[in-house]
Each structure stands twice: as C-alpha cells, then as structure tokens.
$ cat run-v5.csv   # CSV, C-alpha atoms and all ligand atoms
chain,number,residue,atom,x,y,z
Z,1,MET,CA,110.5,99.2,75.8
Z,2,SER,CA,112.5,99.6,78.9
Z,3,LEU,CA,115.0,101.6,80.9
Z,4,GLU,CA,118.3,99.8,81.3
Z,5,ILE,CA,120.8,100.8,84.0
Z,6,LYS,CA,123.9,99.0,82.8
Z,7,ASN,CA,126.8,98.6,85.2
Z,8,VAL,CA,126.6,102.3,86.3
Z,9,THR,CA,129.1,103.8,88.7
Z,10,LYS,CA,129.4,107.3,90.0
Z,11,LYS,CA,132.5,108.4,91.8
Z,12,TYR,CA,133.2,111.7,93.5
Z,13,LYS,CA,137.0,111.7,93.6
Z,14,ASP,CA,137.7,108.6,95.6
Z,15,PHE,CA,134.2,108.2,97.0
Z,16,ILE,CA,132.0,105.7,95.2
Z,17,ALA,CA,128.4,107.0,95.5
Z,18,VAL,CA,126.9,104.4,93.1
Z,19,ASN,CA,128.7,101.2,92.5
Z,20,ALA,CA,128.2,99.0,89.4
Z,21,LEU,CA,124.4,99.3,89.5
Z,22,ASP,CA,122.6,97.0,87.1
Z,23,PHE,CA,118.8,96.7,86.6
Z,24,THR,CA,116.1,97.1,84.0
Z,25,ILE,CA,112.7,98.8,84.3
Z,26,ASP,CA,110.1,97.6,81.8
Z,27,LYS,CA,107.6,99.9,80.2
Z,28,GLY,CA,104.5,100.5,82.3
Z,29,GLU,CA,105.9,99.1,85.6
Z,30,ILE,CA,106.4,100.7,88.9
Z,31,PHE,CA,109.9,100.3,90.2
Z,32,GLY,CA,111.0,101.2,93.7
Z,33,LEU,CA,114.5,102.2,94.7
Z,34,ILE,CA,115.0,101.9,98.5
Z,35,GLY,CA,118.0,102.5,100.7
Z,36,GLN,CA,119.0,104.4,103.8
Z,37,ASN,CA,120.1,108.1,103.7
Z,38,GLY,CA,123.1,108.5,101.4
Z,39,ALA,CA,122.6,105.1,99.7
Z,40,GLY,CA,122.8,106.7,96.2
Z,41,LYS,CA,119.2,107.0,95.2
Z,42,THR,CA,119.1,110.7,94.2
Z,43,THR,CA,122.5,110.3,92.5
Z,44,THR,CA,121.0,107.4,90.4
Z,45,PHE,CA,118.0,109.6,89.5
Z,46,ARG,CA,120.2,112.5,88.5
Z,47,MET,CA,122.3,110.3,86.2
Z,48,ILE,CA,119.2,108.9,84.5
Z,49,LEU,CA,118.1,112.5,83.9
Z,50,ASN,CA,121.5,113.6,82.7
Z,51,LEU,CA,121.8,116.1,85.5
Z,52,GLN,CA,125.0,114.3,86.5
Z,53,GLU,CA,127.4,112.3,84.4
Z,54,THR,CA,128.1,108.6,85.0
Z,55,THR,CA,131.7,107.7,85.8
Z,56,GLU,CA,131.2,104.3,84.1
Z,57,GLY,CA,128.3,102.4,82.5
Z,58,ASP,CA,125.4,103.2,80.3
Z,59,ILE,CA,121.8,104.2,80.8
Z,60,LEU,CA,119.5,103.2,77.9
Z,61,TRP,CA,115.9,104.0,77.0
Z,62,ASN,CA,114.6,101.5,74.4
Z,63,GLY,CA,118.1,100.6,73.6
Z,64,GLN,CA,119.3,104.2,73.0
Z,65,SER,CA,121.2,106.5,75.3
Z,66,VAL,CA,118.5,108.0,77.6
Z,67,HIS,CA,120.1,111.4,77.0
Z,68,LYS,CA,118.8,111.3,73.5
Z,69,LEU,CA,115.2,111.0,74.8
Z,70,ASN,CA,113.1,114.1,74.2
Z,71,ARG,CA,113.1,115.8,77.6
Z,72,ASP,CA,109.3,116.3,77.4
Z,73,LEU,CA,108.9,112.6,77.7
Z,74,LEU,CA,110.4,112.7,81.2
Z,75,GLY,CA,108.9,113.9,84.4
Z,76,TYR,CA,110.8,114.5,87.7
Z,77,LEU,CA,109.9,115.3,91.2
Z,78,PRO,CA,113.2,116.3,92.9
Z,79,GLU,CA,113.9,115.7,96.5
Z,80,GLU,CA,114.4,119.4,97.1
Z,81,ARG,CA,111.0,120.9,96.9
Z,82,GLY,CA,110.5,124.2,95.2
Z,83,ILE,CA,107.8,126.1,93.4
Z,84,PHE,CA,107.4,129.8,92.6
Z,85,PRO,CA,106.2,131.3,95.9
Z,86,GLN,CA,104.4,134.3,94.4
Z,87,MET,CA,102.6,132.5,91.6
Z,88,LYS,CA,99.0,131.3,91.9
Z,89,ILE,CA,98.9,127.5,91.9
Z,90,GLU,CA,96.7,127.0,88.9
Z,91,GLU,CA,98.9,129.5,86.9
Z,92,GLN,CA,101.9,127.5,88.0
Z,93,LEU,CA,100.6,124.3,86.6
Z,94,TYR,CA,99.8,125.9,83.3
Z,95,PHE,CA,103.3,127.4,83.3
Z,96,PHE,CA,105.0,124.0,83.8
Z,97,GLY,CA,102.7,122.2,81.4
Z,98,THR,CA,103.2,124.7,78.5
Z,99,LEU,CA,106.9,124.7,79.2
Z,100,ARG,CA,106.9,121.0,78.4
Z,101,GLY,CA,105.0,121.4,75.1
Z,102,ARG,CA,101.3,121.1,75.9
Z,103,SER,CA,98.8,123.8,75.0
Z,104,LYS,CA,96.6,125.5,77.6
Z,105,LYS,CA,93.5,123.9,76.0
Z,106,GLU,CA,95.0,120.4,76.3
Z,107,LEU,CA,96.1,121.1,79.8
Z,108,LYS,CA,92.8,122.4,81.2
Z,109,PRO,CA,91.0,119.1,81.7
Z,110,ASP,CA,94.1,117.5,83.2
Z,111,ILE,CA,94.8,120.4,85.6
Z,112,ASP,CA,91.1,120.5,86.7
Z,113,TYR,CA,91.2,116.7,87.2
Z,114,TRP,CA,94.4,116.6,89.3
Z,115,MET,CA,93.5,119.7,91.4
Z,116,ASP,CA,90.2,118.1,92.1
Z,117,ARG,CA,91.8,114.7,92.9
Z,118,PHE,CA,94.3,116.2,95.3
Z,119,GLU,CA,91.7,118.5,96.9
Z,120,LEU,CA,93.4,121.7,95.7
Z,121,MET,CA,90.5,123.2,93.6
Z,122,GLU,CA,89.4,125.8,96.1
Z,123,LYS,CA,93.0,127.0,96.4
Z,124,LYS,CA,93.6,127.4,92.7
Z,125,ASN,CA,93.9,131.2,93.0
Z,126,ASP,CA,96.1,131.1,96.1
Z,127,LYS,CA,99.8,132.0,95.9
Z,128,ALA,CA,102.0,129.0,96.5
Z,129,GLU,CA,103.7,130.6,99.5
Z,130,THR,CA,100.4,130.7,101.4
Z,131,LEU,CA,99.9,127.0,101.1
Z,132,SER,CA,100.9,124.4,103.7
Z,133,LYS,CA,104.0,122.3,103.0
Z,134,GLY,CA,102.0,119.3,102.1
Z,135,ASN,CA,99.8,121.3,99.7
Z,136,GLN,CA,102.9,122.8,98.1
Z,137,GLN,CA,104.3,119.4,97.6
Z,138,LYS,CA,101.1,118.2,95.9
Z,139,VAL,CA,101.3,121.2,93.5
Z,140,GLN,CA,104.9,120.3,92.7
Z,141,LEU,CA,103.9,116.7,92.3
Z,142,ILE,CA,101.2,117.5,89.8
Z,143,ALA,CA,103.6,119.8,88.0
Z,144,SER,CA,106.0,116.9,87.5
Z,145,PHE,CA,103.6,114.9,85.4
Z,146,ILE,CA,101.1,117.4,84.0
Z,147,HIS,CA,102.8,117.2,80.6
Z,148,ARG,CA,102.0,113.4,80.6
Z,149,PRO,CA,105.5,112.0,80.5
Z,150,GLU,CA,106.3,108.5,79.4
Z,151,PHE,CA,108.7,108.0,82.2
Z,152,LEU,CA,108.3,109.6,85.6
Z,153,ILE,CA,110.8,109.8,88.4
Z,154,LEU,CA,109.6,110.6,91.9
Z,155,ASP,CA,112.2,111.2,94.6
Z,156,GLU,CA,110.6,110.6,98.0
Z,157,PRO,CA,107.1,111.6,96.9
Z,158,PHE,CA,105.4,110.4,100.0
Z,159,SER,CA,107.5,112.3,102.6
Z,160,GLY,CA,105.5,115.1,104.2
Z,161,LEU,CA,102.1,113.9,103.1
Z,162,ASP,CA,99.3,113.0,105.6
Z,163,PRO,CA,97.7,109.6,105.4
Z,164,VAL,CA,94.8,110.8,103.3
Z,165,ASN,CA,97.1,112.4,100.8
Z,166,ARG,CA,99.5,109.5,100.8
Z,167,GLN,CA,96.5,107.4,99.7
Z,168,HIS,CA,95.6,110.0,97.0
Z,169,LEU,CA,99.2,109.7,95.7
Z,170,MET,CA,99.2,106.0,95.8
Z,171,ASP,CA,96.0,105.9,93.8
Z,172,ALA,CA,97.4,108.5,91.4
Z,173,ILE,CA,100.6,106.4,90.8
Z,174,LEU,CA,98.4,103.3,90.1
Z,175,TYR,CA,96.2,105.4,87.8
Z,176,MET,CA,99.3,106.6,85.8
Z,177,LYS,CA,100.6,103.0,85.5
Z,178,GLU,CA,97.2,102.1,84.0
Z,179,GLN,CA,97.7,104.9,81.5
Z,180,GLY,CA,101.0,103.2,80.5
Z,181,THR,CA,103.5,105.5,82.4
Z,182,THR,CA,106.7,103.9,83.6
Z,183,ILE,CA,107.4,105.1,87.2
Z,184,LEU,CA,110.6,105.0,89.2
Z,185,PHE,CA,110.3,106.2,92.8
Z,186,SER,CA,112.2,106.2,96.1
Z,187,SER,CA,110.7,106.0,99.5
Z,188,HIS,CA,111.7,105.4,103.1
Z,189,GLN,CA,108.1,104.2,103.7
Z,190,MET,CA,108.2,100.5,103.0
Z,191,ASP,CA,104.4,100.0,103.1
Z,192,ASN,CA,104.1,102.3,100.1
Z,193,VAL,CA,106.8,100.4,98.2
Z,194,GLU,CA,105.2,97.1,99.2
Z,195,GLU,CA,101.8,98.1,97.9
Z,196,LEU,CA,102.9,99.7,94.7
Z,197,CYS,CA,106.0,98.1,93.3
Z,198,ASP,CA,106.3,95.3,90.7
Z,199,HIS,CA,110.1,95.3,91.1
Z,200,LEU,CA,112.6,97.0,93.3
Z,201,CYS,CA,116.2,97.5,94.1
Z,202,ILE,CA,117.7,97.7,97.6
Z,203,LEU,CA,120.7,100.0,97.7
Z,204,LYS,CA,123.3,100.1,100.5
Z,205,ARG,CA,126.2,102.5,100.2
Z,206,GLY,CA,125.8,102.6,96.5
Z,207,LYS,CA,125.7,98.9,96.0
Z,208,SER,CA,122.7,96.8,95.0
Z,209,LEU,CA,121.8,94.2,97.7
Z,210,PHE,CA,118.9,93.0,95.7
Z,211,SER,CA,117.1,93.8,92.5
Z,212,GLY,CA,114.1,91.9,91.2
Z,213,GLY,CA,110.5,91.1,91.9
Z,214,LEU,CA,108.9,91.9,95.3
Z,215,GLN,CA,107.4,88.4,95.5
Z,216,GLN,CA,110.7,86.8,94.5
Z,217,LEU,CA,112.4,88.6,97.3
Z,218,LYS,CA,109.7,87.5,99.8
Z,219,GLU,CA,109.8,83.9,98.6
Z,220,ALA,CA,113.6,83.9,99.0
Z,221,TYR,CA,113.1,84.3,102.8
Z,222,GLY,CA,110.0,82.1,102.9
Z,223,LYS,CA,107.0,82.1,105.3
Z,224,ILE,CA,109.1,82.4,108.5
Z,225,LYS,CA,107.0,84.8,110.5
Z,226,LEU,CA,104.5,83.0,112.8
Z,227,SER,CA,101.9,84.9,114.7
Z,228,VAL,CA,100.2,83.0,117.6
Z,229,ARG,CA,98.0,83.5,120.5
Z,230,THR,CA,98.8,80.9,123.2
Z,231,ASP,CA,99.2,80.4,126.9
Z,232,LYS,CA,102.8,79.2,126.4
Z,233,THR,CA,105.5,81.4,127.8
Z,234,LEU,CA,108.2,83.3,126.0
Z,235,GLU,CA,110.8,80.8,127.3
Z,236,GLN,CA,108.8,77.8,126.2
Z,237,LEU,CA,108.4,79.3,122.7
Z,238,ASN,CA,112.0,80.2,122.5
Z,239,GLY,CA,112.9,76.6,123.3
Z,240,LEU,CA,111.1,75.1,120.3
Z,241,GLU,CA,113.1,73.6,117.5
Z,242,GLY,CA,113.5,75.9,114.5
Z,243,VAL,CA,112.7,79.1,116.4
Z,244,GLN,CA,115.2,81.9,116.0
Z,245,ARG,CA,113.6,84.7,117.9
Z,246,VAL,CA,110.4,85.4,119.7
Z,247,VAL,CA,108.8,88.8,120.2
Z,248,GLN,CA,105.9,89.4,122.6
Z,249,THR,CA,103.1,91.5,121.0
Z,250,LYS,CA,100.0,93.1,122.3
Z,251,ASP,CA,98.0,90.2,121.0
Z,252,GLY,CA,100.3,87.2,121.6
Z,253,PHE,CA,103.7,86.4,120.1
Z,254,THR,CA,105.6,86.6,116.9
Z,255,LEU,CA,108.1,83.8,116.2
Z,256,PHE,CA,110.7,84.1,113.5
Z,257,LEU,CA,111.6,80.6,112.2
Z,258,GLU,CA,114.8,79.3,110.6
Z,259,ASN,CA,112.6,78.1,107.7
Z,260,GLU,CA,108.9,77.6,107.0
Z,261,HIS,CA,109.2,73.8,107.2
Z,262,TYR,CA,109.3,74.0,111.0
Z,263,GLY,CA,105.7,75.4,111.0
Z,264,GLU,CA,103.8,72.1,111.2
Z,265,ALA,CA,105.9,70.7,114.1
Z,266,ILE,CA,105.6,74.0,116.0
Z,267,TYR,CA,101.8,73.9,115.5
Z,268,HIS,CA,101.5,70.5,117.1
Z,269,ALA,CA,103.9,71.5,119.9
Z,270,ILE,CA,101.9,74.6,120.8
Z,271,SER,CA,98.4,73.4,120.2
Z,272,GLU,CA,98.8,69.9,121.8
Z,273,GLY,CA,95.8,68.8,119.9
Z,274,ARG,CA,93.6,71.7,121.1
Z,275,TYR,CA,91.8,74.4,119.1
Z,276,MET,CA,93.8,77.6,118.5
Z,277,ASP,CA,92.1,80.8,117.5
Z,278,LYS,CA,95.3,82.3,116.1
Z,279,PHE,CA,98.1,80.6,114.2
Z,280,SER,CA,99.4,82.2,111.1
Z,281,LEU,CA,102.5,81.7,109.1
Z,282,ASP,CA,103.4,84.6,106.7
Z,283,PHE,CA,106.1,86.1,104.6
Z,284,LEU,CA,108.2,88.9,106.2
Z,285,THR,CA,107.1,92.4,105.4
Z,286,LEU,CA,109.3,94.4,103.1
Z,287,ASP,CA,110.2,96.6,106.1
Z,288,GLU,CA,111.4,93.5,108.0
Z,289,ILE,CA,113.4,92.3,105.0
Z,290,PHE,CA,114.9,95.7,104.4
Z,291,LYS,CA,116.1,95.9,108.0
Z,292,LEU,CA,117.7,92.4,107.7
Z,293,LYS,CA,119.3,93.2,104.4
Z,294,VAL,CA,120.8,96.6,105.3
Z,295,GLY,CA,122.2,94.9,108.4
Z,296,GLU,CA,124.1,92.5,106.2
Z,297,PRO,CA,127.7,93.4,105.3
Z,298,VAL,CA,128.3,94.7,101.8
Z,299,GLU,CA,130.7,92.4,99.9
K,301,LIG,P1,118.8,110.4,101.0
K,301,LIG,O1,117.8,109.3,101.3
K,301,LIG,O2,119.4,111.0,102.2
K,301,LIG,O3,118.2,111.4,100.0
K,301,LIG,P2,120.3,109.2,98.7
K,301,LIG,O4,120.2,107.7,98.7
K,301,LIG,O5,119.4,110.0,97.8
K,301,LIG,O6,120.0,109.7,100.2
K,301,LIG,P3,122.5,110.5,97.5
K,301,LIG,O7,122.0,111.9,97.6
K,301,LIG,O8,122.5,109.9,96.1
K,301,LIG,O9,121.8,109.5,98.5
K,301,LIG,O10,124.0,110.5,98.0
K,301,LIG,C1,124.9,109.3,97.9
K,301,LIG,C2,126.2,109.6,98.5
K,301,LIG,O11,126.9,110.5,97.6
K,301,LIG,C3,126.2,110.3,99.8
K,301,LIG,O12,127.2,109.8,100.6
K,301,LIG,C4,126.5,111.8,99.4
K,301,LIG,O13,127.1,112.4,100.5
K,301,LIG,C5,127.4,111.6,98.2
K,301,LIG,N1,127.3,112.8,97.3
K,301,LIG,C6,126.2,113.2,96.7
K,301,LIG,N2,126.5,114.3,95.9
K,301,LIG,C7,127.8,114.5,96.1
K,301,LIG,C8,128.8,115.5,95.6
K,301,LIG,N3,128.4,116.5,94.7
K,301,LIG,N4,130.0,115.5,96.0
K,301,LIG,C9,130.5,114.5,96.8
K,301,LIG,N5,129.7,113.5,97.4
K,301,LIG,C10,128.4,113.6,97.0
$ encode --input "run-v5.csv" --output "structure tokens"
Amino acid sequence: MSLEIKNVTKKYKDFIAVNALDFTIDKGEIFGLIGQNGAGKTTTFRMILNLQETTEGDILWNGQSVHKLNRDLLGYLPEERGIFPQMKIEEQLYFFGTLRGRSKKELKPDIDYWMDRFELMEKKNDKAETLSKGNQQKVQLIASFIHRPEFLILDEPFSGLDPVNRQHLMDAILYMKEQGTTILFSSHQMDNVEELCDHLCILKRGKSLFSGGLQQLKEAYGKIKLSVRTDKTLEQLNGLEGVQRVVQTKDGFTLFLENEHYGEAIYHAISEGRYMDKFSLDFLTLDEIFKLKVGEPVE
C-alpha cells in the first residue's frame, strides 16, 4: 500500500509551480516535504487531495487514482487556519468527526484522549474565538485526524506552537504512525523533520532536489562536520589539508571537511599526540544539508 506521485507537474499559465515530481510514500511511514516559501509544497498537497488538478502526471493510492479514495480515509490540516469562531471546541470536534462518518459514541473516547493530550480539556466549553492562536491550531489539528484517516496531510503543523506543544505534536505524529497512519507533512523547522521522517523530498522552485531516505541523504555527504576544542588558532585550522571552512563556536571550532577521510590526519595534526577532550566527527544536520542544497542551482 502506498501513495505514488508519478511525474506530476502543475502549471499556472506559463509558470511551473510543481515540476515533474516523482516519489512514493509507503503505508505507515512519515514523509516530509521541505522547501522554501513558494517551493510548491501546498500545491502538491492540494493536488493529492484533488482540490487542484494536475497539469500532467498521476497520483495513485494503492495503484488506483487517489481521487477514487473515500474522502473519509483522508485527513488534512491546511496551511490557512480556520475553525468556527462561535462554536465550543468540544462541539467542534464532534461536528468534524461526525461529518466524516463516525458516531458520537465512537468519537467520545478519542476526543477526550486528544483534548487531554493537548491540554485542552479545561477549555472544552470555550468558544474557539476566545482561544489563543496556538490553542486554536491544536483544535484544528485534532479535527484533521479525529475521524482516524488512513492518510494524513499536515501543512506546516508545527508553526505557531510553543516548544511544549511542538513536542506534544511530535509525540502525537509518532503515535499515529504506530497506529498505521501514513503521514505527509511540510515544515520549515528542520529539527522536526529530522526527528520524525523516514523519507523526505526537498523541493526548490517546484523541482525535487532530493527524494529518499534521511540517512541516505546524510551518508551522501558523509561525516564532514568536525567539532573540536583546541588551542590552535582559526588560521592554523584553516590551513590544514582537507579543511573547507572553519567556524568559531562558543565552545571551540567547527571544521567542515572536503570528505571524512581527512579526519584521522587532522586528528594527529591537532592533537600532536596529546589528550583532547573534544574531537567529534559527525554527519551534517538536515538544516545544514538543506541550506547547501537550496543554494545549489536547479538544473
Ligand atoms: P509556503 O512555504 O510559502 O507555504 P509552498 O511551498 O507551499 O510555500 P505553494 O503555495 O505551493 O508554495 O506555491 C508554489 C508557487 O505557485 C508559488 O510561486 C505561488 O506563487 C504559485 N501559485 C500558487 N497558487 C497559484 C495560483 N492559483 N495562481 C498562480 N500561481 C500560484
């Protein structure tokens, strides 16, 4: 079971918003779509949901057009936030849940569970308009999956949430994955993507710069980030063979290497046979890779 995006293009007159996009999301995985503003993320989501037509290409769910899929099996948190301002939040969740085919009786334990988990229980009889922005977002988020969809699309779900609620959301996404839900989400916050995703696609101006496994992406760059504490100067470190760039940090230096094989020689050159309390060669973070990738020209 999978969602296949097959050579999908979206044009607005002469402007290509999504350009020959091709990737597959397997059932039960968490897939991240990342890109700068205007990269084509929301357009991709809207095409999957049939809110917008593709100009070219196919979108298949288990081998069949996704548009034949029962809508109740899909969940969507749109980028534009919006709930009924005058409706009490618990009522609102029952409204959305019953609209998507579940009975009030079935919904009750789930609504209680999620309101409790997102610390909304004591506000259940408050009108949505009286809630803070973050709390309104949590209500809309719960509404997007309260009908237990098979496939859930979350457009920028982390934006506007404080660190505690970001963590609640992260745990909730992992919990839903355990329940077998397939999740596609976009985020500008790379730490969230790094922690959650099995696979991801990096978009730049509608084109995919990478799509595949997170670990595969990291390994393609290798362990080229070296953190050291040393009494050597910035100039001395910059002069070492295989060093591309050196950044001074609060706690020493970070060296970016041409490739990880330089690590051993650099270790000997810096330590000169003495004990070092910090020398660590690591993969780049997704944030660092993203900045490198989006800086590359699109072919
Ligand atoms: P953001 O992170 O800012 O939400 P995004 O990656 O979701 O960005 P999209 O909203 O998919 O980007 O937009 C992709 C491109 O398509 C943008 O350049 C946008 O201006 C353009 N676009 C979107 N909708 C239309 C439309 N109806 N007519 C013309 N151009 C459009």
$ residues_near_ligand --input "run-v5.csv" --ligand "ligand LIG 301 (chain K)" --cutoff "12 Å" --atoms "only C-alpha atoms and all ligand atoms" --output "VMD selection string"
chain Z and resid 9 to 19 33 to 47 51 to 53 78 to 80 154 to 157 159 185 to 189 201 to 208
$ closest_residue --input "run-v5.csv" --among "Z:Glu235, Z:Glu90, Z:Glu241, Z:Asp26" --to "Gln140 in chain Z" --atoms "only C-alpha atoms"
Z:Glu90
$ residues_near_point --input "run-v5.csv" --point "(103.4, 82.3, 104.7)" --cutoff "10 Å" --atoms "all atoms listed in the file" --output "list in words"
Lys218, Glu219, Gly222, Lys223, Ile224, Lys225, Leu226, Glu260, Gly263, Ser280, Leu281, Asp282, Phe283 and Leu284 of chain Z
$ atom_distance --input "run-v5.csv" --atom1 "CA of Thr181 in chain Z" --atom2 "CA of Asn125 in chain Z"
29.4 Å
$ closest_residue --input "run-v5.csv" --among "Z:Lys6, Z:Arg148, Z:Lys250, Z:Arg229" --to "Arg71 in chain Z" --atoms "all atoms listed in the file"
Z:Arg148
$ closest_residue --input "run-v5.csv" --among "Z:Gly242, Z:Pro163, Z:Gly75, Z:Gly101" --to "Leu184 in chain Z" --atoms "all atoms listed in the file"
Z:Gly75
$ closest_residue --input "run-v5.csv" --among "Z:Ile111, Z:Ala20, Z:Leu3, Z:Met87" --to "Asp126 in chain Z" --atoms "only C-alpha atoms"
Z:Met87
$ closest_residue --input "run-v5.csv" --among "Z:Lys88, Z:Leu209, Z:Leu141, Z:Thr233" --to "Leu21 in chain Z" --atoms "all atoms listed in the file"
Z:Leu209
$ residues_around --input "run-v5.csv" --residues "Gly180 in chain Z" --least-positions-apart "5" --cutoff "8 Å" --atoms "all atoms listed in the file" --output "ChimeraX atom specification"
/Z:27-28,150
$ atom_distance --input "run-v5.csv" --atom1 "CA of Val139 in chain Z" --atom2 "CA of Asn192 in chain Z"
20.2 Å
$ closest_residue --input "run-v5.csv" --among "Z:Val228, Z:Leu73, Z:Ala143, Z:Ile289" --to "Ser271 in chain Z" --atoms "all atoms listed in the file"
Z:Val228
$ residues_around --input "run-v5.csv" --residues "Arg100 in chain Z" --least-positions-apart "3" --cutoff "8 Å" --atoms "only C-alpha atoms" --output "list of chain:residue names"
Z:Asp72, Z:Phe96, Z:Gly97, Z:His147
$ atom_distance --input "run-v5.csv" --atom1 "CA of Ile266 in chain Z" --atom2 "CA of Leu240 in chain Z"
7.1 Å
$ decode --input "run-v5.csv" --residues "range 175-184 of chain Z" --atoms "all heavy atoms" --output "mmCIF file, in the first residue's frame"
data_model
loop_
_atom_site.group_PDB
_atom_site.id
_atom_site.type_symbol
_atom_site.label_atom_id
_atom_site.label_comp_id
_atom_site.auth_asym_id
_atom_site.auth_seq_id
_atom_site.Cartn_x
_atom_site.Cartn_y
_atom_site.Cartn_z
ATOM 1 N N TYR Z 175 2.775 8.519 17.488
ATOM 2 C CA TYR Z 175 1.719 7.627 17.980
ATOM 3 C C TYR Z 175 0.818 7.188 16.815
ATOM 4 O O TYR Z 175 0.479 6.018 16.679
ATOM 5 C CB TYR Z 175 0.920 8.363 19.063
ATOM 6 C CG TYR Z 175 -0.324 7.668 19.542
ATOM 7 C CD1 TYR Z 175 -0.254 6.691 20.534
ATOM 8 C CD2 TYR Z 175 -1.571 7.995 19.022
ATOM 9 C CE1 TYR Z 175 -1.410 6.058 20.979
ATOM 10 C CE2 TYR Z 175 -2.723 7.364 19.460
ATOM 11 C CZ TYR Z 175 -2.638 6.396 20.436
ATOM 12 O OH TYR Z 175 -3.782 5.774 20.880
ATOM 13 N N MET Z 176 0.470 8.160 15.961
ATOM 14 C CA MET Z 176 -0.403 7.818 14.825
ATOM 15 C C MET Z 176 0.301 6.882 13.845
ATOM 16 O O MET Z 176 -0.305 6.003 13.254
ATOM 17 C CB MET Z 176 -0.884 9.082 14.128
ATOM 18 C CG MET Z 176 -2.001 9.730 14.908
ATOM 19 S SD MET Z 176 -2.742 11.090 14.036
ATOM 20 C CE MET Z 176 -1.647 12.393 14.483
ATOM 21 N N LYS Z 177 1.597 7.101 13.678
ATOM 22 C CA LYS Z 177 2.372 6.187 12.826
ATOM 23 C C LYS Z 177 2.284 4.762 13.388
ATOM 24 O O LYS Z 177 2.072 3.807 12.641
ATOM 25 C CB LYS Z 177 3.829 6.651 12.765
ATOM 26 C CG LYS Z 177 4.748 5.709 12.001
ATOM 27 C CD LYS Z 177 6.193 6.095 12.237
ATOM 28 C CE LYS Z 177 7.113 4.933 11.989
ATOM 29 N NZ LYS Z 177 7.903 5.045 10.796
ATOM 30 N N GLU Z 178 2.441 4.643 14.714
ATOM 31 C CA GLU Z 178 2.335 3.313 15.343
ATOM 32 C C GLU Z 178 0.979 2.673 15.079
ATOM 33 O O GLU Z 178 0.859 1.458 14.986
ATOM 34 C CB GLU Z 178 2.488 3.434 16.866
ATOM 35 C CG GLU Z 178 3.907 3.360 17.346
ATOM 36 C CD GLU Z 178 3.993 3.738 18.816
ATOM 37 O OE1 GLU Z 178 3.052 3.411 19.578
ATOM 38 O OE2 GLU Z 178 4.991 4.381 19.178
ATOM 39 N N GLN Z 179 -0.058 3.519 14.969
ATOM 40 C CA GLN Z 179 -1.407 3.001 14.693
ATOM 41 C C GLN Z 179 -1.588 2.667 13.211
ATOM 42 O O GLN Z 179 -2.678 2.299 12.790
ATOM 43 C CB GLN Z 179 -2.480 4.029 15.064
ATOM 44 C CG GLN Z 179 -2.339 4.669 16.422
ATOM 45 C CD GLN Z 179 -2.795 3.758 17.536
ATOM 46 O OE1 GLN Z 179 -3.915 3.264 17.496
ATOM 47 N NE2 GLN Z 179 -1.935 3.505 18.486
ATOM 48 N N GLY Z 180 -0.556 2.916 12.407
ATOM 49 C CA GLY Z 180 -0.624 2.542 10.992
ATOM 50 C C GLY Z 180 -0.973 3.676 10.045
ATOM 51 O O GLY Z 180 -1.143 3.459 8.841
ATOM 52 N N THR Z 181 -1.106 4.907 10.573
ATOM 53 C CA THR Z 181 -1.455 6.036 9.697
ATOM 54 C C THR Z 181 -0.235 6.444 8.863
ATOM 55 O O THR Z 181 0.891 6.465 9.361
ATOM 56 C CB THR Z 181 -1.892 7.254 10.558
ATOM 57 O OG1 THR Z 181 -2.786 6.802 11.557
ATOM 58 C CG2 THR Z 181 -2.523 8.342 9.720
ATOM 59 N N THR Z 182 -0.485 6.763 7.608
ATOM 60 C CA THR Z 182 0.571 7.276 6.735
ATOM 61 C C THR Z 182 0.501 8.797 6.811
ATOM 62 O O THR Z 182 -0.583 9.375 6.680
ATOM 63 C CB THR Z 182 0.317 6.810 5.286
ATOM 64 O OG1 THR Z 182 0.159 5.393 5.303
ATOM 65 C CG2 THR Z 182 1.461 7.196 4.363
ATOM 66 N N ILE Z 183 1.642 9.438 7.038
ATOM 67 C CA ILE Z 183 1.613 10.881 7.294
ATOM 68 C C ILE Z 183 2.571 11.618 6.361
ATOM 69 O O ILE Z 183 3.753 11.261 6.243
ATOM 70 C CB ILE Z 183 1.970 11.174 8.776
ATOM 71 C CG1 ILE Z 183 0.932 10.511 9.692
ATOM 72 C CG2 ILE Z 183 2.019 12.688 9.040
ATOM 73 C CD1 ILE Z 183 1.349 10.373 11.123
ATOM 74 N N LEU Z 184 2.041 12.639 5.713
ATOM 75 C CA LEU Z 184 2.850 13.514 4.863
ATOM 76 C C LEU Z 184 2.757 14.909 5.458
ATOM 77 O O LEU Z 184 1.663 15.413 5.697
ATOM 78 C CB LEU Z 184 2.274 13.501 3.437
ATOM 79 C CG LEU Z 184 2.780 14.531 2.434
ATOM 80 C CD1 LEU Z 184 4.283 14.352 2.180
ATOM 81 C CD2 LEU Z 184 2.028 14.390 1.108
#
